[in-house]
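K.L.:
One structure coming up, written as structure tokens, with questions to follow.
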Amino acid sequence: MIDPVPTNSPIAVVLIVEDEPIQRMEMLDLVHDAGFETVEAWDADHAIAILESRTDIRVVLTDVDMPGSMNGMRLAASIRRRWPPIEIIVTTAGRRPDIEALPARALFVPKPINPAEAIRALQQLVSEVPPAPAA
Amino acid sequence: MSLPPRNAVLAPYGILDTPPEPGFDDAVALAQHLCDAPIALVSLVADDRQWFKARLGLPDHQTDLDRSVCRFVVEKGEPIVIEDMRLDPRTAENPLVVHDPCVRFYAGAPLTMSNGDVLGALCVLDTVPRPGGLTPEQQEHLSAIARSVSQQLDLRRAMLVCNDAVTARAAEEERRHKEERRWGDLFHTMREAFIIGSLVRDDAGQAVDWRFDEVNRAWGDLIGIDPLVAVGRTVREVLPAIDEAWVTEPAEAVSRGEAIRFTREVGSLERWYDGIVQPTGGDTFTILFVEVTDRVDTQRRFDAMLDIADCSRQARTVAEMTRGIVAIAGGALRASRAGFGMVDADTRQVVVEPDWTLPGETSIAGTHRFEDFGQIRDELARAEPLVIDDVATDPRTAVDPGPLMAVNVRALVNMPVRERGRTSAIFFVHSATKRAWAPDELLFMRAVADRLEGGVARIGAEDQQRILNGELSHRLKNSLAMVQAIASQTLRGEDPAKVAALLQRIRALGTAHDVLLGRGARSADLKDLVAQVLSAAGAEGRYAASGPMTLLGARATLSTSLLLHELATNALKYGALSAAGRVEISWREDGDGGFTLDWIERGGPLVTEPTRKGFGSRLLSLGLVGTGGATLRYNPEGLSATFSASREHLESA
């Protein structure tokens, strides 16, 4: 069995972006129970603010349909542009997004979330060596 | 002894029963005089009588054969002289001897023809016996006159033969003349074009062209060229732009020595012809053909309608459909431009979508006001077609045809595409030249507009349905996500296995909805359902599924997905998939409207029947559609389950 936690960081921090509070609570528990540290945001603007304020976020798990100035797909795109090393998981109860619509390396899990699948995705992303920052 | 069929011998001379002729009359006169006899005859011996072509001293012009002495001359083929007929057994009882005129002497010379036939005799008779017969001179004279008569007869025969031949030839010529006139008339009055031609070869002997030796009027009418201009010239000279096959086909027919049939366009004339090239010996040939442009056009429109139907069925967007349909229709109508445009509510302007044009014509895609082109909106406002054969003369556009001419429109049709009786769009067809739109063409355009109408409505409805389905699916799964979150939060601290089982079942329902909504919420393909449920349960790649295409109704989709989910999670927890085993899923249609699905696990741990009957077991026992029909066999080598249901239950919504 491989160690899910990379050696360069004792515990990976996951930012969970979900407008619906009960679902957000459930996702926080799920990710926390899997051994990650969690941070929450209720919409994209909130998430951006958090990302701008701290540098230890390793993965963002975001819903697509959210109120505010941008939805989860736009959030994902802007994270990839502004913070290229951060890994992204997109989830929605709506249509599965086209693979081209997702940023590079981003993963998709459908709702209702299958906990095992979500954790597998998280572990896969944090176990990979983070790409070198773009020149 | 019987005579040969005498009439047959005589027939070619055409002499019997003919009027007296001086040549024969002179002969008997000469014989009478030279032999100094009262009676002289040219007697022709037929089958049943002797007939006198010329006679002197005897009133009858013929006698029966009993009275004939000449027949003996004919039999012998030599002269006969009977000095006293009373004493000769051949003539003693002859009525002419016994009764009046009581003849006694006979001398006859045969009439022998050049071919050996003996027709009769030249004879003299006397009423007194002549002991010693004729003098040698008289005998000689009689034979000479007989030869002369024979020559006359020979000549007569030759003349008759010759006359017959002349008559026959004249008749033949008359017949041929009539026939030629008839064929000639036919050649010029037939509706089919007819060409008599001959190949033109280059120095190397290669056929490179052909010459019109003769063409009929129909050819001129069909092709639209004066036949007099064509004859003597070659096809390349007369029709320089003609399709190469028209030039090469006669050469091919001549070289193969057999007729070739064709259906082909004279591209420069835009007309179609059906015909046959027939080699007629040497380098000559004939071409017979009729114009079939109407038939070809009809066929072309028919084919186009099929393509249009496909296009309107398959297109996913209105733009894709209209672009496809106008291109097919424009081609079939041999138009210069065709397109589709949405019309505003008061029929004042049209927004033309990307249109179809012949190469070189400009697109008119974009927004246009009808009134800029003339009085052309009234018909559309009444949802009727606007048909203009020539924009320069039609009163609706003739005032200023400039704007239409500027985009190379000389004739046009605007066919309304209606929505609830109102013109919501137009299908238009343009021609760069004047054009009398045929009723068939207008019917075709009406049908195309109807198709566009139906297609637009269908795509609109489907778009709405798709949006609705997507929305429905989204909300439903969001609700399930909420239920999952609530259940999970509520049951925190409970047995994690039980909570996981609940959450998994909730997700299995979500999967079923996914499959359903992917097919318009009415039915789901069992194969898709199996794949989605098993992969959602985490059994991807560890099973084999096979069976005929089976559509499940909405209810059966939900119950079957829960059943499959239960089987899959059990297999992963306790069965074949908890070890290195596999699952085989197969289904089939049975007779009498039945349906059976088998779930067979292999290669797992030793299996025993579970003792506790939980919700999972009860779900399984409900079967595919909730009405039972489940048989579960916990064989040591693995679970083997069979589920039966009626197809009616499975398929009904």
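Identifiers for the structure tokens are assigned positionally: chains receive A, B, ... in sequence, residues are indexed from 1 per chain, and ligands are indexed from 1 in the order shown.
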Set the cut-off to 12 Å and count only C-alpha atoms: what are the residues of chain A that reach chain B? Output as a ChimeraX atom specification.
P.N.:
/A:20-30,33,63-65,91-96,109-117,120
K.L.:
Emit the selected residues as a compact mmCIF listing (two decimals), in the first residue's frame, including N, CA, C and O atoms.
P.N.:
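So the final result, stored in part04.txt, reads:
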```txt
# COMPACT_ATOMS: atom_id res chain seq x y z
N GLU A 20 -24.00 24.69 -1.19
CA GLU A 20 -25.06 24.05 -0.43
C GLU A 20 -24.47 23.55 0.89
O GLU A 20 -23.59 22.69 0.90
N PRO A 21 -24.96 24.10 2.05
CA PRO A 21 -24.26 23.86 3.32
C PRO A 21 -24.24 22.39 3.77
O PRO A 21 -23.20 21.92 4.26
N ILE A 22 -25.34 21.68 3.58
CA ILE A 22 -25.35 20.29 4.08
C ILE A 22 -24.39 19.44 3.25
O ILE A 22 -23.63 18.63 3.78
N GLN A 23 -24.41 19.67 1.96
CA GLN A 23 -23.48 18.91 1.11
C GLN A 23 -22.04 19.29 1.43
O GLN A 23 -21.14 18.45 1.42
N ARG A 24 -21.85 20.61 1.70
CA ARG A 24 -20.49 21.05 2.02
C ARG A 24 -20.00 20.37 3.30
O ARG A 24 -18.86 19.90 3.38
N MET A 25 -20.90 20.31 4.28
CA MET A 25 -20.57 19.67 5.55
C MET A 25 -20.16 18.22 5.31
O MET A 25 -19.17 17.72 5.83
N GLU A 26 -20.93 17.54 4.49
CA GLU A 26 -20.68 16.13 4.18
C GLU A 26 -19.32 15.95 3.50
O GLU A 26 -18.55 15.05 3.82
N MET A 27 -19.02 16.87 2.57
CA MET A 27 -17.75 16.76 1.86
C MET A 27 -16.58 17.02 2.80
O MET A 27 -15.54 16.36 2.71
N LEU A 28 -16.76 18.00 3.69
CA LEU A 28 -15.69 18.30 4.66
C LEU A 28 -15.40 17.07 5.50
O LEU A 28 -14.24 16.69 5.70
N ASP A 29 -16.48 16.43 6.00
CA ASP A 29 -16.30 15.23 6.83
C ASP A 29 -15.59 14.13 6.06
O ASP A 29 -14.67 13.48 6.56
N LEU A 30 -16.05 13.96 4.85
CA LEU A 30 -15.50 12.89 4.02
C LEU A 30 -14.00 13.07 3.83
O LEU A 30 -13.20 12.15 4.04
N ASP A 33 -12.09 12.81 7.17
CA ASP A 33 -12.00 11.43 7.64
C ASP A 33 -10.95 10.64 6.85
O ASP A 33 -10.42 9.65 7.33
N ASP A 63 -17.72 22.41 -6.57
CA ASP A 63 -18.99 22.19 -7.27
C ASP A 63 -19.00 23.09 -8.50
O ASP A 63 -18.24 24.06 -8.57
N VAL A 64 -19.87 22.77 -9.49
CA VAL A 64 -19.93 23.60 -10.69
C VAL A 64 -20.96 24.71 -10.53
O VAL A 64 -20.68 25.88 -10.73
N ASP A 65 -22.19 24.32 -10.16
CA ASP A 65 -23.28 25.31 -10.12
C ASP A 65 -23.30 26.03 -8.79
O ASP A 65 -23.69 25.47 -7.77
N THR A 91 -16.95 18.64 -9.39
CA THR A 91 -18.11 17.75 -9.18
C THR A 91 -19.38 18.51 -9.51
O THR A 91 -19.44 19.73 -9.36
N THR A 92 -20.37 17.77 -10.02
CA THR A 92 -21.67 18.40 -10.27
C THR A 92 -22.74 17.33 -10.37
O THR A 92 -22.46 16.17 -10.72
N ALA A 93 -23.97 17.74 -10.07
CA ALA A 93 -25.12 16.85 -10.30
C ALA A 93 -25.59 16.99 -11.74
O ALA A 93 -26.41 16.21 -12.21
N GLY A 94 -25.08 17.99 -12.44
CA GLY A 94 -25.50 18.23 -13.83
C GLY A 94 -24.72 17.39 -14.81
O GLY A 94 -24.10 16.39 -14.44
N ARG A 95 -24.77 17.84 -16.06
CA ARG A 95 -24.10 17.10 -17.13
C ARG A 95 -22.61 16.97 -16.85
O ARG A 95 -21.95 17.91 -16.41
N ARG A 96 -22.09 15.78 -17.17
CA ARG A 96 -20.65 15.57 -17.07
C ARG A 96 -19.97 16.53 -18.05
O ARG A 96 -20.30 16.54 -19.23
N VAL A 109 -15.70 14.07 -10.60
CA VAL A 109 -16.49 13.03 -9.94
C VAL A 109 -17.95 13.51 -9.95
O VAL A 109 -18.23 14.67 -9.68
N PRO A 110 -18.88 12.59 -10.32
CA PRO A 110 -20.28 12.99 -10.37
C PRO A 110 -20.91 13.02 -8.99
O PRO A 110 -20.43 12.38 -8.05
N LYS A 111 -22.00 13.78 -8.88
CA LYS A 111 -22.83 13.77 -7.66
C LYS A 111 -24.02 12.86 -7.91
O LYS A 111 -24.52 12.81 -9.04
N PRO A 112 -24.61 12.17 -6.93
CA PRO A 112 -24.10 12.14 -5.54
C PRO A 112 -22.71 11.53 -5.50
O PRO A 112 -22.46 10.54 -6.18
N ILE A 113 -21.85 12.13 -4.67
CA ILE A 113 -20.46 11.71 -4.64
C ILE A 113 -20.32 10.31 -4.04
O ILE A 113 -20.91 10.01 -3.00
N ASN A 114 -19.57 9.49 -4.74
CA ASN A 114 -19.22 8.17 -4.21
C ASN A 114 -17.96 8.40 -3.37
O ASN A 114 -16.91 8.76 -3.90
N PRO A 115 -18.05 8.23 -2.03
CA PRO A 115 -16.93 8.58 -1.16
C PRO A 115 -15.63 7.89 -1.59
O PRO A 115 -14.58 8.53 -1.67
N ALA A 116 -15.72 6.61 -1.90
CA ALA A 116 -14.51 5.88 -2.25
C ALA A 116 -13.85 6.48 -3.48
O ALA A 116 -12.63 6.65 -3.55
N GLU A 117 -14.68 6.82 -4.45
CA GLU A 117 -14.17 7.39 -5.70
C GLU A 117 -13.50 8.74 -5.44
O GLU A 117 -12.42 9.04 -5.96
N ARG A 120 -10.22 8.26 -3.69
CA ARG A 120 -9.22 7.73 -4.64
C ARG A 120 -8.67 8.86 -5.48
O ARG A 120 -7.46 8.96 -5.72
```
K.L.:
Find the residues around Ala29 in chain B up to 12 Å (only C-alpha atoms counted), leave out those fewer than 2 positions away in its own chain, and share them as a PDB file with N, CA and C atoms, in the first residue's frame.
P.N.:
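Okay, out.pdb is ready:
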```pdb
ATOM      1  N   PRO B  22     -50.897 -12.815-136.262  1.00  0.00           N
ATOM      2  CA  PRO B  22     -50.499 -12.911-137.682  1.00  0.00           C
ATOM      3  C   PRO B  22     -49.359 -13.897-137.910  1.00  0.00           C
ATOM      4  N   GLY B  23     -48.414 -13.959-137.052  1.00  0.00           N
ATOM      5  CA  GLY B  23     -47.252 -14.832-137.227  1.00  0.00           C
ATOM      6  C   GLY B  23     -47.670 -16.275-137.379  1.00  0.00           C
ATOM      7  N   PHE B  24     -48.634 -16.706-136.564  1.00  0.00           N
ATOM      8  CA  PHE B  24     -49.092 -18.101-136.610  1.00  0.00           C
ATOM      9  C   PHE B  24     -50.043 -18.307-137.796  1.00  0.00           C
ATOM     10  N   ASP B  25     -50.896 -17.252-138.005  1.00  0.00           N
ATOM     11  CA  ASP B  25     -51.820 -17.351-139.146  1.00  0.00           C
ATOM     12  C   ASP B  25     -51.048 -17.458-140.486  1.00  0.00           C
ATOM     13  N   ASP B  26     -49.970 -16.683-140.596  1.00  0.00           N
ATOM     14  CA  ASP B  26     -49.125 -16.741-141.795  1.00  0.00           C
ATOM     15  C   ASP B  26     -48.531 -18.132-141.982  1.00  0.00           C
ATOM     16  N   ALA B  27     -48.168 -18.746-140.863  1.00  0.00           N
ATOM     17  CA  ALA B  27     -47.525 -20.061-140.909  1.00  0.00           C
ATOM     18  C   ALA B  27     -48.479 -21.103-141.494  1.00  0.00           C
ATOM     19  N   ALA B  31     -48.195 -23.138-145.016  1.00  0.00           N
ATOM     20  CA  ALA B  31     -48.202 -24.607-145.043  1.00  0.00           C
ATOM     21  C   ALA B  31     -49.308 -25.099-145.986  1.00  0.00           C
ATOM     22  N   GLN B  32     -50.500 -24.475-145.859  1.00  0.00           N
ATOM     23  CA  GLN B  32     -51.629 -24.873-146.710  1.00  0.00           C
ATOM     24  C   GLN B  32     -51.249 -24.733-148.185  1.00  0.00           C
ATOM     25  N   HIS B  33     -50.614 -23.568-148.472  1.00  0.00           N
ATOM     26  CA  HIS B  33     -50.248 -23.297-149.870  1.00  0.00           C
ATOM     27  C   HIS B  33     -49.162 -24.241-150.361  1.00  0.00           C
ATOM     28  N   LEU B  34     -48.105 -24.369-149.604  1.00  0.00           N
ATOM     29  CA  LEU B  34     -46.969 -25.163-150.071  1.00  0.00           C
ATOM     30  C   LEU B  34     -47.311 -26.649-150.187  1.00  0.00           C
ATOM     31  N   CYS B  35     -48.192 -27.111-149.272  1.00  0.00           N
ATOM     32  CA  CYS B  35     -48.524 -28.537-149.299  1.00  0.00           C
ATOM     33  C   CYS B  35     -49.797 -28.803-150.120  1.00  0.00           C
ATOM     34  N   ASP B  36     -50.381 -27.706-150.591  1.00  0.00           N
ATOM     35  CA  ASP B  36     -51.578 -27.803-151.424  1.00  0.00           C
ATOM     36  C   ASP B  36     -52.666 -28.604-150.719  1.00  0.00           C
ATOM     37  N   ALA B  37     -52.916 -28.258-149.470  1.00  0.00           N
ATOM     38  CA  ALA B  37     -53.878 -29.022-148.672  1.00  0.00           C
ATOM     39  C   ALA B  37     -55.027 -28.100-148.248  1.00  0.00           C
ATOM     40  N   PRO B  38     -56.257 -28.635-148.112  1.00  0.00           N
ATOM     41  CA  PRO B  38     -57.372 -27.752-147.722  1.00  0.00           C
ATOM     42  C   PRO B  38     -57.340 -27.335-146.239  1.00  0.00           C
ATOM     43  N   ILE B  39     -56.690 -28.123-145.410  1.00  0.00           N
ATOM     44  CA  ILE B  39     -56.679 -27.825-143.966  1.00  0.00           C
ATOM     45  C   ILE B  39     -55.243 -27.705-143.488  1.00  0.00           C
ATOM     46  N   ALA B  40     -54.999 -26.623-142.700  1.00  0.00           N
ATOM     47  CA  ALA B  40     -53.676 -26.495-142.036  1.00  0.00           C
ATOM     48  C   ALA B  40     -53.875 -25.948-140.625  1.00  0.00           C
ATOM     49  N   LEU B  41     -53.112 -26.486-139.702  1.00  0.00           N
ATOM     50  CA  LEU B  41     -53.342 -26.130-138.280  1.00  0.00           C
ATOM     51  C   LEU B  41     -52.013 -25.946-137.527  1.00  0.00           C
ATOM     52  N   VAL B  42     -52.018 -25.025-136.550  1.00  0.00           N
ATOM     53  CA  VAL B  42     -50.982 -25.056-135.488  1.00  0.00           C
ATOM     54  C   VAL B  42     -51.696 -25.592-134.260  1.00  0.00           C
ATOM     55  N   ALA B  54     -53.632 -21.407-134.645  1.00  0.00           N
ATOM     56  CA  ALA B  54     -53.986 -20.885-135.983  1.00  0.00           C
ATOM     57  C   ALA B  54     -54.604 -22.032-136.780  1.00  0.00           C
ATOM     58  N   ARG B  55     -55.574 -21.763-137.569  1.00  0.00           N
ATOM     59  CA  ARG B  55     -56.230 -22.845-138.317  1.00  0.00           C
ATOM     60  C   ARG B  55     -56.805 -22.291-139.626  1.00  0.00           C
ATOM     61  N   LEU B  56     -56.795 -23.204-140.638  1.00  0.00           N
ATOM     62  CA  LEU B  56     -57.435 -22.901-141.935  1.00  0.00           C
ATOM     63  C   LEU B  56     -58.167 -24.175-142.360  1.00  0.00           C
ATOM     64  N   GLY B  57     -59.401 -24.042-142.814  1.00  0.00           N
ATOM     65  CA  GLY B  57     -60.158 -25.183-143.316  1.00  0.00           C
ATOM     66  C   GLY B  57     -60.841 -26.010-142.263  1.00  0.00           C
ATOM     67  N   LEU B 122     -47.347 -28.674-136.296  1.00  0.00           N
ATOM     68  CA  LEU B 122     -47.889 -27.960-137.440  1.00  0.00           C
ATOM     69  C   LEU B 122     -48.299 -29.053-138.429  1.00  0.00           C
ATOM     70  N   CYS B 123     -49.584 -29.028-138.824  1.00  0.00           N
ATOM     71  CA  CYS B 123     -50.009 -30.136-139.691  1.00  0.00           C
ATOM     72  C   CYS B 123     -50.888 -29.647-140.859  1.00  0.00           C
ATOM     73  N   VAL B 124     -50.920 -30.475-141.889  1.00  0.00           N
ATOM     74  CA  VAL B 124     -51.848 -30.243-143.009  1.00  0.00           C
ATOM     75  C   VAL B 124     -52.685 -31.506-143.169  1.00  0.00           C
ATOM     76  N   LEU B 142     -42.707 -28.075-144.729  1.00  0.00           N
ATOM     77  CA  LEU B 142     -43.542 -28.234-143.519  1.00  0.00           C
ATOM     78  C   LEU B 142     -42.674 -28.178-142.254  1.00  0.00           C
ATOM     79  N   ILE B 145     -41.413 -24.614-141.700  1.00  0.00           N
ATOM     80  CA  ILE B 145     -42.432 -23.723-141.101  1.00  0.00           C
ATOM     81  C   ILE B 145     -42.629 -24.077-139.618  1.00  0.00           C
TER      82      ILE B 145
END
```
K.L.:
May I have the residues within 7 Å of Ser150 in chain B as JSON, numbers by chain, using only C-alpha atoms and disregarding those fewer than 2 positions away in the same chain?
P.N.:
{"B": [111, 112, 113, 146, 147, 148, 152, 153, 154]}
K.L.:
What would the file look like if the residues just selected were written as a PDB file, in the first residue's frame with all heavy atoms?
P.N.:
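Now in out_10.pdb:
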```
ATOM      1  N   LEU B 111     -43.629 -29.294-133.096  1.00  0.00           N
ATOM      2  CA  LEU B 111     -43.173 -27.949-132.648  1.00  0.00           C
ATOM      3  C   LEU B 111     -42.254 -28.177-131.456  1.00  0.00           C
ATOM      4  O   LEU B 111     -42.714 -28.321-130.318  1.00  0.00           O
ATOM      5  CB  LEU B 111     -44.379 -27.063-132.265  1.00  0.00           C
ATOM      6  CG  LEU B 111     -45.402 -26.828-133.384  1.00  0.00           C
ATOM      7  CD1 LEU B 111     -46.614 -26.071-132.847  1.00  0.00           C
ATOM      8  CD2 LEU B 111     -44.766 -26.051-134.540  1.00  0.00           C
ATOM      9  N   THR B 112     -40.951 -28.323-131.787  1.00  0.00           N
ATOM     10  CA  THR B 112     -39.969 -28.677-130.753  1.00  0.00           C
ATOM     11  C   THR B 112     -39.231 -27.414-130.300  1.00  0.00           C
ATOM     12  O   THR B 112     -38.681 -26.689-131.120  1.00  0.00           O
ATOM     13  CB  THR B 112     -38.952 -29.693-131.292  1.00  0.00           C
ATOM     14  OG1 THR B 112     -39.687 -30.807-131.799  1.00  0.00           O
ATOM     15  CG2 THR B 112     -38.012 -30.158-130.192  1.00  0.00           C
ATOM     16  N   MET B 113     -39.259 -27.182-129.030  1.00  0.00           N
ATOM     17  CA  MET B 113     -38.673 -25.951-128.471  1.00  0.00           C
ATOM     18  C   MET B 113     -37.169 -26.125-128.256  1.00  0.00           C
ATOM     19  O   MET B 113     -36.649 -27.232-128.281  1.00  0.00           O
ATOM     20  CB  MET B 113     -39.315 -25.582-127.118  1.00  0.00           C
ATOM     21  CG  MET B 113     -40.812 -25.366-127.155  1.00  0.00           C
ATOM     22  SD  MET B 113     -41.282 -24.030-128.274  1.00  0.00           S
ATOM     23  CE  MET B 113     -41.975 -24.917-129.597  1.00  0.00           C
ATOM     24  N   ALA B 146     -42.620 -25.418-139.334  1.00  0.00           N
ATOM     25  CA  ALA B 146     -42.762 -25.850-137.930  1.00  0.00           C
ATOM     26  C   ALA B 146     -41.630 -25.268-137.074  1.00  0.00           C
ATOM     27  O   ALA B 146     -41.847 -24.786-135.955  1.00  0.00           O
ATOM     28  CB  ALA B 146     -42.762 -27.375-137.832  1.00  0.00           C
ATOM     29  N   ARG B 147     -40.401 -25.265-137.604  1.00  0.00           N
ATOM     30  CA  ARG B 147     -39.268 -24.701-136.860  1.00  0.00           C
ATOM     31  C   ARG B 147     -39.478 -23.202-136.616  1.00  0.00           C
ATOM     32  O   ARG B 147     -39.204 -22.689-135.538  1.00  0.00           O
ATOM     33  CB  ARG B 147     -37.962 -24.927-137.618  1.00  0.00           C
ATOM     34  CG  ARG B 147     -37.393 -26.330-137.449  1.00  0.00           C
ATOM     35  CD  ARG B 147     -35.915 -26.399-137.830  1.00  0.00           C
ATOM     36  NE  ARG B 147     -35.684 -26.068-139.233  1.00  0.00           N
ATOM     37  CZ  ARG B 147     -35.819 -26.963-140.251  1.00  0.00           C
ATOM     38  NH1 ARG B 147     -36.179 -28.201-139.997  1.00  0.00           N
ATOM     39  NH2 ARG B 147     -35.588 -26.600-141.502  1.00  0.00           N
ATOM     40  N   SER B 148     -39.999 -22.549-137.655  1.00  0.00           N
ATOM     41  CA  SER B 148     -40.244 -21.117-137.537  1.00  0.00           C
ATOM     42  C   SER B 148     -41.279 -20.832-136.440  1.00  0.00           C
ATOM     43  O   SER B 148     -41.130 -19.915-135.628  1.00  0.00           O
ATOM     44  CB  SER B 148     -40.691 -20.577-138.891  1.00  0.00           C
ATOM     45  OG  SER B 148     -41.380 -19.376-138.719  1.00  0.00           O
ATOM     46  N   GLN B 152     -40.935 -18.888-132.888  1.00  0.00           N
ATOM     47  CA  GLN B 152     -41.853 -17.848-132.375  1.00  0.00           C
ATOM     48  C   GLN B 152     -42.271 -18.133-130.942  1.00  0.00           C
ATOM     49  O   GLN B 152     -42.358 -17.235-130.100  1.00  0.00           O
ATOM     50  CB  GLN B 152     -43.112 -17.796-133.264  1.00  0.00           C
ATOM     51  CG  GLN B 152     -42.957 -16.947-134.506  1.00  0.00           C
ATOM     52  CD  GLN B 152     -44.318 -16.666-135.141  1.00  0.00           C
ATOM     53  OE1 GLN B 152     -45.202 -16.127-134.490  1.00  0.00           O
ATOM     54  NE2 GLN B 152     -44.472 -17.035-136.419  1.00  0.00           N
ATOM     55  N   LEU B 153     -42.545 -19.442-130.757  1.00  0.00           N
ATOM     56  CA  LEU B 153     -42.989 -19.813-129.394  1.00  0.00           C
ATOM     57  C   LEU B 153     -41.858 -19.623-128.361  1.00  0.00           C
ATOM     58  O   LEU B 153     -42.074 -19.120-127.261  1.00  0.00           O
ATOM     59  CB  LEU B 153     -43.497 -21.252-129.385  1.00  0.00           C
ATOM     60  CG  LEU B 153     -44.879 -21.442-130.053  1.00  0.00           C
ATOM     61  CD1 LEU B 153     -45.160 -22.918-130.304  1.00  0.00           C
ATOM     62  CD2 LEU B 153     -45.977 -20.811-129.204  1.00  0.00           C
ATOM     63  N   ASP B 154     -40.649 -20.045-128.796  1.00  0.00           N
ATOM     64  CA  ASP B 154     -39.484 -19.860-127.903  1.00  0.00           C
ATOM     65  C   ASP B 154     -39.321 -18.386-127.535  1.00  0.00           C
ATOM     66  O   ASP B 154     -39.106 -18.019-126.366  1.00  0.00           O
ATOM     67  CB  ASP B 154     -38.206 -20.331-128.609  1.00  0.00           C
ATOM     68  CG  ASP B 154     -37.793 -21.734-128.152  1.00  0.00           C
ATOM     69  OD1 ASP B 154     -38.234 -22.127-127.020  1.00  0.00           O
ATOM     70  OD2 ASP B 154     -37.034 -22.399-128.871  1.00  0.00           O
TER      71      ASP B 154
END
```
K.L.:
Given only C-alpha atoms as the basis, pick out the residue of A:Leu15, A:Ile48, A:His32, A:Asn71 nearest to Ile89 in chain A.
P.N.:
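That would be A:Leu15, the residue with the smallest distance to Ile89 in chain A.
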K.L.:
From a backbone DSSP assignment, name each residue in range 309-509 of chain B labelled strand (DSSP E), as number ranges by chain.
P.N.:
B: 337-343, 349-352, 356-357, 366-369, 386-388, 411-419, 422-431
K.L.:
Name the residues of chain A that fall into alpha helix (DSSP H) according to DSSP on the backbone, using the chain letters and numbers of this document, as a ChimeraX atom specification.
P.N.:
/A:21-33,44-53,72-82,115-127
K.L.:
Would you pick out the contacts of Val14 in chain A at 7 Å or less, using only C-alpha atoms, so that residues sharing its chain but fewer than 4 positions from it are not included, and give the list as number ranges by chain?
P.N.:
A: 36-39, 57-60
K.L.:
Name all residues at most 7 Å from Pro129 in chain B (count only C-alpha atoms; drop same-chain ones fewer than 4 positions away) and give them as a PDB file with C-alpha atoms, in the first residue's frame.
P.N.:
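The new file part_14.pdb reads:
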```pdb
ATOM      1  CA  GLU B  83     -51.190 -41.486-146.519  1.00  0.00           C
ATOM      2  CA  ASP B  84     -54.661 -42.972-145.941  1.00  0.00           C
ATOM      3  CA  ARG B 104     -58.068 -38.968-145.317  1.00  0.00           C
ATOM      4  CA  PHE B 105     -54.532 -37.594-145.349  1.00  0.00           C
TER       5      PHE B 105
END
```
K.L.:
I want to know what sits within 10 Å of Pro101 in chain B, based on only C-alpha atoms, with residues of the same chain fewer than 4 positions away left out; could you give that as number ranges by chain?
P.N.:
B: 57-58, 95-97, 126-127
K.L.:
Put those residues in a file: N, CA and C atoms, as a PDB file, in the first residue's frame.
P.N.:
```
ATOM      1  N   GLY B  57     -59.401 -24.042-142.814  1.00  0.00           N
ATOM      2  CA  GLY B  57     -60.158 -25.183-143.316  1.00  0.00           C
ATOM      3  C   GLY B  57     -60.841 -26.010-142.263  1.00  0.00           C
ATOM      4  N   LEU B  58     -60.809 -25.575-141.024  1.00  0.00           N
ATOM      5  CA  LEU B  58     -61.489 -26.335-139.951  1.00  0.00           C
ATOM      6  C   LEU B  58     -62.215 -25.312-139.063  1.00  0.00           C
ATOM      7  N   PRO B  95     -63.084 -39.780-135.280  1.00  0.00           N
ATOM      8  CA  PRO B  95     -64.356 -39.189-135.747  1.00  0.00           C
ATOM      9  C   PRO B  95     -64.173 -38.245-136.934  1.00  0.00           C
ATOM     10  N   LEU B  96     -63.016 -37.607-136.971  1.00  0.00           N
ATOM     11  CA  LEU B  96     -62.801 -36.683-138.096  1.00  0.00           C
ATOM     12  C   LEU B  96     -62.660 -37.460-139.422  1.00  0.00           C
ATOM     13  N   VAL B  97     -62.296 -38.745-139.277  1.00  0.00           N
ATOM     14  CA  VAL B  97     -62.148 -39.593-140.459  1.00  0.00           C
ATOM     15  C   VAL B  97     -63.496 -40.220-140.811  1.00  0.00           C
ATOM     16  N   ASP B 126     -55.842 -33.522-145.702  1.00  0.00           N
ATOM     17  CA  ASP B 126     -56.560 -33.499-146.990  1.00  0.00           C
ATOM     18  C   ASP B 126     -57.723 -34.475-146.892  1.00  0.00           C
ATOM     19  N   THR B 127     -58.759 -34.209-147.687  1.00  0.00           N
ATOM     20  CA  THR B 127     -59.931 -35.090-147.629  1.00  0.00           C
ATOM     21  C   THR B 127     -59.779 -36.266-148.591  1.00  0.00           C
TER      22      THR B 127
END
```
K.L.:
Any idea what's packed within 12 Å of Glu93 in chain B, counting only C-alpha atoms, ignoring anything in its chain fewer than 6 positions away? Could you give it as number ranges by chain?
P.N.:
B: 66-69, 85-87, 99, 102-104
